[in-house]
There are 2 protein chains.
Amino acid sequence: MERHFDQELGDLKKDLLKIAALAEEAIRRSVGALKNNDRLMAKHVIEEDARIDALELSIDEKCIDLIARHQPMARDLRFITSAMKINAELERIADLAVDISQRVFELADKPLLKPLEDIPKLTMVAQRMVRMAIDAFVKEDSVLALEVLKEDCEADALRNSIQDELVNDFMAKDGSAAPRAVPLLLIARHLERICDHATNIAEDVIYIIEAETVKHRRKVS
Amino acid sequence: MERHFDQELGDLKKDLLKIAALAEEAIRRSVGALKNNDRLMAKHVIEEDARIDALELSIDEKCIDLIARHQPMARDLRFITSAMKINAELERIADLAVDISQRVFELADKPLLKPLEDIPKLTMVAQRMVRMAIDAFVKEDSVLALEVLKEDCEADALRNSIQDELVNDFMAKDGSAAPRAVPLLLIARHLERICDHATNIAEDVIYIIEAETVKHRRKVS
């Protein structure tokens, strides 16, 4: 029984790694679609989301089933309820990749305002944060999870700089830039929200390991 | 034992009603601060968020503790795990009220582009959806929960109409409007995301009641 339970927890980890990989791939592809003005790729990201949604549901069901059958206590229970939360975060990350892809359609008829620089940078930060957060979860590594929390400031700074440039250097000087600038501004916000979800995952990891909550303490301080 | 457990479930419902009331109040105040250019009120919403965060954590702990002590099965277990999700949604709704309040500071030195019309309308939709979703949860009323799902289209339409007007009727015609238009555009998006969270709550309610998942079926269709 005990070994069986451990094996099921191992399977749960594998499922979360799978949905994480799909979410990360969705981010990569959505920004790739933006860079290359590739509407087919954007459409692909939107269509693939149904698979990620289905996987989220199946993971959720497995978690409830695990609790019902094994009635785990303390740390194992905390692990499973946190897995449910991490699962939801990953599904939302994939939703944000869909949002980015939808912006690609809004931009597709219009020439880019300027070569993309900061958005690819912010994308790399977002992908790195998601990967680190999931690594921290799999390895139960709270030091790595704390690294994720630190990265969030960089993401905020990049998002603010992208937004300031689009508002003050483009739109304020030439109003006709607005229909091309607003989707980029929103993409920067979608990416920054992906970083926020990675931060939430990292906080869940720390919570599992330390059974104490850094979540809101950080916000209050 | 049985009655004690029922009483604890009742307390859990009360706690969720409390965090829902605080979240709804935060929405009302943040948009009030926008209407009246009231920075003190905006600051108040931002400061009060710490209380909502603390309540979210305490509800989460209670849920885990309930599962650990009573090892509930089937519907009760589903109710408690859904309560954890609804709790997280409400905390995020309050975070969005904080986001709206932050936009109030960005706008506070600048005259409004025009009298606010659609944003108060969207706010009313958002508040109604949150209230209905929580009512549906408390009364375990799946018909009411389905009503919430229907309202989401209205929220999307209002958000799109606000965004189109700001981009095409204001910014595109006069670039100098951008620093005043962009925060309003973001507020419309914050409000629409509040509606999305209310939708998520309604889906959780249907899930508890019908033990079947409308969540992604709706998205796929």
# chains A, B, ... in the order shown; residues from 1 in each chain; ligands from 1
call {"tool": "interface_residues", "arguments": {"of": "chain A", "to": "chain B", "cutoff": "8 Å", "atoms": "only C-alpha atoms", "output": "PyMOL selection string"}}
result
chain A and resi 50+53-54+64+68+71-74+77-78+81+85+167-168+171-179+182+216+219-220
call {"tool": "residues_around", "arguments": {"residues": "B:Asp204", "least_positions_apart": "4", "cutoff": "12 Å", "atoms": "only C-alpha atoms", "output": "PyMOL selection string"}}
result
(chain A and resi 57) or (chain B and resi 78-89+133-134+136-137+140-142+145-146+148-149+197-200+208-216)
call {"tool": "atom_distance", "arguments": {"atom1": "atom CA of A:Leu122", "atom2": "atom CA of A:His190"}}
result
10.3 Å
call {"tool": "closest_atom_pairs", "arguments": {"of": "stretch 162-208 of chain A", "to": "stretch 3-27 of chain A", "cutoff": "12 Å", "atoms": "only C-alpha atoms", "output": "Markdown table"}}
result
| residue | atom | partner | partner_atom | distance |
| --- | --- | --- | --- | --- |
| A:Ile187 | CA | A:Ile27 | CA | 11.1 |
| A:His190 | CA | A:Ile27 | CA | 10.2 |
| A:Leu191 | CA | A:Ile27 | CA | 8.6 |
| A:Glu192 | CA | A:Ile27 | CA | 11.9 |
| A:Arg193 | CA | A:Ile27 | CA | 11.9 |
| A:Ile194 | CA | A:Ile27 | CA | 9.0 |
| A:Cys195 | CA | A:Ile27 | CA | 11.4 |
| A:His197 | CA | A:Ala23 | CA | 11.6 |
| A:Ala198 | CA | A:Ala20 | CA | 10.5 |
| A:Ile201 | CA | A:Ala20 | CA | 11.0 |
call {"tool": "atom_distance", "arguments": {"atom1": "atom CA of A:Lys43", "atom2": "atom CA of A:Ile100"}}
result
10.9 Å
call {"tool": "atom_distance", "arguments": {"atom1": "atom CA of B:Arg39", "atom2": "atom CA of B:Ala108"}}
result
7.3 Å
call {"tool": "select_by_dssp", "arguments": {"residues": "stretch 69-181 of chain B", "states": "helix (DSSP H, G or I)", "output": "tab-separated table (two decimals) with C-alpha atoms, in the first residue's frame"}}
result
chain	number	residue	atom	x	y	z
B	69	ARG	CA	-9.11	15.26	10.45
B	70	HIS	CA	-12.33	14.01	8.84
B	74	ALA	CA	-16.90	11.84	-2.56
B	75	ARG	CA	-19.06	14.94	-2.52
B	76	ASP	CA	-17.72	16.41	0.75
B	77	LEU	CA	-14.14	16.05	-0.42
B	78	ARG	CA	-15.07	17.64	-3.74
B	79	PHE	CA	-16.77	20.45	-1.84
B	80	ILE	CA	-13.65	21.17	0.22
B	81	THR	CA	-11.20	21.05	-2.69
B	82	SER	CA	-13.55	23.32	-4.64
B	83	ALA	CA	-13.74	25.66	-1.65
B	84	MET	CA	-9.93	25.95	-1.86
B	85	LYS	CA	-10.22	26.92	-5.52
B	86	ILE	CA	-13.04	29.40	-4.92
B	87	ASN	CA	-10.98	30.91	-2.12
B	88	ALA	CA	-8.06	31.43	-4.52
B	89	GLU	CA	-10.37	33.00	-7.13
B	90	LEU	CA	-11.71	35.48	-4.58
B	91	GLU	CA	-8.22	36.44	-3.49
B	92	ARG	CA	-7.34	37.11	-7.13
B	93	ILE	CA	-10.46	39.21	-7.59
B	94	ALA	CA	-9.26	41.35	-4.69
B	95	ASP	CA	-5.81	41.56	-6.33
B	96	LEU	CA	-7.49	42.92	-9.45
B	97	ALA	CA	-9.19	45.59	-7.36
B	98	VAL	CA	-5.67	46.50	-6.21
B	99	ASP	CA	-4.59	46.67	-9.86
B	100	ILE	CA	-7.49	49.03	-10.59
B	101	SER	CA	-6.50	51.18	-7.61
B	102	GLN	CA	-2.94	51.40	-8.89
B	103	ARG	CA	-4.25	52.69	-12.22
B	104	VAL	CA	-6.11	55.41	-10.26
B	105	PHE	CA	-2.71	56.75	-9.17
B	106	GLU	CA	-1.51	56.75	-12.78
B	107	LEU	CA	-4.59	58.75	-13.80
B	118	ASP	CA	-18.98	51.74	-20.00
B	119	ILE	CA	-16.51	51.16	-17.17
B	120	PRO	CA	-19.24	51.63	-14.50
B	121	LYS	CA	-21.47	49.31	-16.58
B	122	LEU	CA	-18.76	46.67	-16.72
B	123	THR	CA	-18.16	47.13	-13.00
B	124	MET	CA	-21.82	46.40	-12.33
B	125	VAL	CA	-21.64	43.26	-14.45
B	126	ALA	CA	-18.50	42.17	-12.59
B	127	GLN	CA	-20.04	42.77	-9.16
B	128	ARG	CA	-23.26	41.01	-10.16
B	129	MET	CA	-21.33	38.00	-11.49
B	130	VAL	CA	-19.25	37.68	-8.32
B	131	ARG	CA	-22.37	37.97	-6.15
B	132	MET	CA	-24.33	35.45	-8.22
B	133	ALA	CA	-21.42	32.99	-8.26
B	134	ILE	CA	-21.11	33.12	-4.48
B	135	ASP	CA	-24.89	32.86	-4.03
B	136	ALA	CA	-24.87	29.83	-6.31
B	137	PHE	CA	-22.15	28.32	-4.14
B	138	VAL	CA	-23.93	28.96	-0.85
B	139	LYS	CA	-27.30	27.74	-2.11
B	142	SER	CA	-26.47	25.09	-10.48
B	143	VAL	CA	-29.14	27.02	-12.40
B	144	LEU	CA	-27.87	30.26	-10.91
B	145	ALA	CA	-24.29	29.18	-11.65
B	146	LEU	CA	-25.23	28.67	-15.31
B	147	GLU	CA	-26.63	32.23	-15.35
B	148	VAL	CA	-23.16	33.48	-14.36
B	149	LEU	CA	-21.61	31.69	-17.34
B	150	LYS	CA	-24.06	33.44	-19.67
B	151	GLU	CA	-23.17	36.88	-18.32
B	152	ASP	CA	-19.54	36.43	-19.29
B	153	CYS	CA	-20.33	37.19	-22.95
B	154	GLU	CA	-21.73	40.58	-21.94
B	155	ALA	CA	-18.53	41.31	-20.02
B	156	ASP	CA	-16.38	40.38	-23.02
B	157	ALA	CA	-18.47	42.58	-25.32
B	158	LEU	CA	-18.24	45.57	-22.97
B	159	ARG	CA	-14.49	45.13	-22.59
B	160	ASN	CA	-14.02	44.98	-26.36
B	161	SER	CA	-16.18	48.02	-26.93
B	162	ILE	CA	-14.24	50.04	-24.31
B	163	GLN	CA	-10.95	48.97	-25.83
B	164	ASP	CA	-12.02	49.76	-29.41
B	165	GLU	CA	-13.25	53.19	-28.44
B	166	LEU	CA	-10.05	54.05	-26.55
B	167	VAL	CA	-7.76	52.83	-29.35
B	168	ASN	CA	-9.65	54.07	-32.40
B	169	ASP	CA	-11.67	57.06	-31.21
B	170	PHE	CA	-9.13	58.51	-28.83
B	171	MET	CA	-5.52	57.37	-29.16
B	175	GLY	CA	-1.65	60.44	-29.55
B	176	SER	CA	-1.42	62.74	-26.55
B	177	ALA	CA	-4.45	60.89	-25.15
B	178	ALA	CA	-2.40	57.69	-24.73
B	179	PRO	CA	-1.21	58.26	-21.14
B	180	ARG	CA	-4.84	58.78	-20.09
B	181	ALA	CA	-6.35	56.09	-22.32
call {"tool": "decode", "arguments": {"residues": "stretch 12-47 of chain B", "atoms": "N, CA and C atoms", "output": "tab-separated table (two decimals), in the first residue's frame"}}
result
chain	number	residue	atom	x	y	z
B	12	LEU	N	-16.92	26.96	7.12
B	12	LEU	CA	-16.13	27.19	5.92
B	12	LEU	C	-16.90	28.06	4.92
B	13	LYS	N	-18.18	27.74	4.76
B	13	LYS	CA	-19.03	28.55	3.88
B	13	LYS	C	-19.07	30.00	4.35
B	14	LYS	N	-19.19	30.18	5.66
B	14	LYS	CA	-19.25	31.55	6.21
B	14	LYS	C	-17.95	32.30	5.91
B	15	ASP	N	-16.82	31.60	6.07
B	15	ASP	CA	-15.53	32.24	5.79
B	15	ASP	C	-15.45	32.66	4.32
B	16	LEU	N	-15.95	31.79	3.43
B	16	LEU	CA	-15.91	32.13	2.01
B	16	LEU	C	-16.82	33.31	1.71
B	17	LEU	N	-17.96	33.36	2.39
B	17	LEU	CA	-18.85	34.53	2.22
B	17	LEU	C	-18.15	35.80	2.68
B	18	LYS	N	-17.37	35.66	3.73
B	18	LYS	CA	-16.67	36.84	4.27
B	18	LYS	C	-15.61	37.34	3.28
B	19	ILE	N	-14.81	36.44	2.74
B	19	ILE	CA	-13.76	36.87	1.79
B	19	ILE	C	-14.43	37.38	0.51
B	20	ALA	N	-15.57	36.80	0.14
B	20	ALA	CA	-16.29	37.28	-1.05
B	20	ALA	C	-16.79	38.70	-0.83
B	21	ALA	N	-17.32	38.97	0.37
B	21	ALA	CA	-17.82	40.31	0.67
B	21	ALA	C	-16.67	41.32	0.62
B	22	LEU	N	-15.51	40.93	1.17
B	22	LEU	CA	-14.36	41.83	1.16
B	22	LEU	C	-13.88	42.09	-0.28
B	23	ALA	N	-13.90	41.04	-1.10
B	23	ALA	CA	-13.46	41.20	-2.51
B	23	ALA	C	-14.42	42.12	-3.26
B	24	GLU	N	-15.71	41.91	-3.02
B	24	GLU	CA	-16.71	42.74	-3.70
B	24	GLU	C	-16.59	44.21	-3.28
B	25	GLU	N	-16.37	44.41	-2.00
B	25	GLU	CA	-16.18	45.76	-1.47
B	25	GLU	C	-14.94	46.40	-2.10
B	26	ALA	N	-13.89	45.60	-2.30
B	26	ALA	CA	-12.66	46.13	-2.90
B	26	ALA	C	-12.92	46.57	-4.34
B	27	ILE	N	-13.73	45.80	-5.08
B	27	ILE	CA	-14.07	46.22	-6.46
B	27	ILE	C	-14.81	47.56	-6.40
B	28	ARG	N	-15.86	47.60	-5.55
B	28	ARG	CA	-16.70	48.79	-5.46
B	28	ARG	C	-15.86	50.02	-5.12
B	29	ARG	N	-14.96	49.85	-4.15
B	29	ARG	CA	-14.15	51.00	-3.73
B	29	ARG	C	-13.14	51.41	-4.79
B	30	SER	N	-12.56	50.43	-5.47
B	30	SER	CA	-11.51	50.79	-6.45
B	30	SER	C	-12.13	51.58	-7.60
B	31	VAL	N	-13.33	51.18	-8.05
B	31	VAL	CA	-13.96	51.92	-9.15
B	31	VAL	C	-14.52	53.25	-8.62
B	32	GLY	N	-14.95	53.27	-7.36
B	32	GLY	CA	-15.35	54.53	-6.73
B	32	GLY	C	-14.18	55.51	-6.70
B	33	ALA	N	-13.00	54.99	-6.37
B	33	ALA	CA	-11.80	55.84	-6.33
B	33	ALA	C	-11.50	56.40	-7.73
B	34	LEU	N	-11.73	55.57	-8.74
B	34	LEU	CA	-11.52	56.02	-10.12
B	34	LEU	C	-12.50	57.15	-10.47
B	35	LYS	N	-13.79	56.90	-10.17
B	35	LYS	CA	-14.82	57.90	-10.52
B	35	LYS	C	-14.56	59.25	-9.86
B	36	ASN	N	-14.17	59.18	-8.58
B	36	ASN	CA	-14.05	60.42	-7.81
B	36	ASN	C	-12.61	60.91	-7.70
B	37	ASN	N	-11.72	60.30	-8.50
B	37	ASN	CA	-10.31	60.68	-8.44
B	37	ASN	C	-9.86	60.73	-6.98
B	38	ASP	N	-10.15	59.67	-6.25
B	38	ASP	CA	-9.96	59.64	-4.80
B	38	ASP	C	-8.76	58.75	-4.46
B	39	ARG	N	-7.60	59.39	-4.37
B	39	ARG	CA	-6.38	58.61	-4.11
B	39	ARG	C	-6.35	57.97	-2.73
B	40	LEU	N	-6.98	58.63	-1.79
B	40	LEU	CA	-7.02	58.06	-0.43
B	40	LEU	C	-7.77	56.72	-0.43
B	41	MET	N	-8.90	56.72	-1.16
B	41	MET	CA	-9.69	55.49	-1.26
B	41	MET	C	-8.88	54.40	-1.99
B	42	ALA	N	-8.18	54.78	-3.06
B	42	ALA	CA	-7.36	53.81	-3.79
B	42	ALA	C	-6.29	53.21	-2.87
B	43	LYS	N	-5.68	54.08	-2.08
B	43	LYS	CA	-4.65	53.64	-1.12
B	43	LYS	C	-5.26	52.66	-0.11
B	44	HIS	N	-6.46	52.98	0.32
B	44	HIS	CA	-7.16	52.14	1.29
B	44	HIS	C	-7.37	50.73	0.73
B	45	VAL	N	-7.80	50.64	-0.55
B	45	VAL	CA	-8.01	49.32	-1.17
B	45	VAL	C	-6.70	48.53	-1.18
B	46	ILE	N	-5.62	49.21	-1.53
B	46	ILE	CA	-4.31	48.54	-1.60
B	46	ILE	C	-3.90	48.04	-0.21
B	47	GLU	N	-4.12	48.86	0.80
B	47	GLU	CA	-3.72	48.47	2.16
B	47	GLU	C	-4.58	47.33	2.71
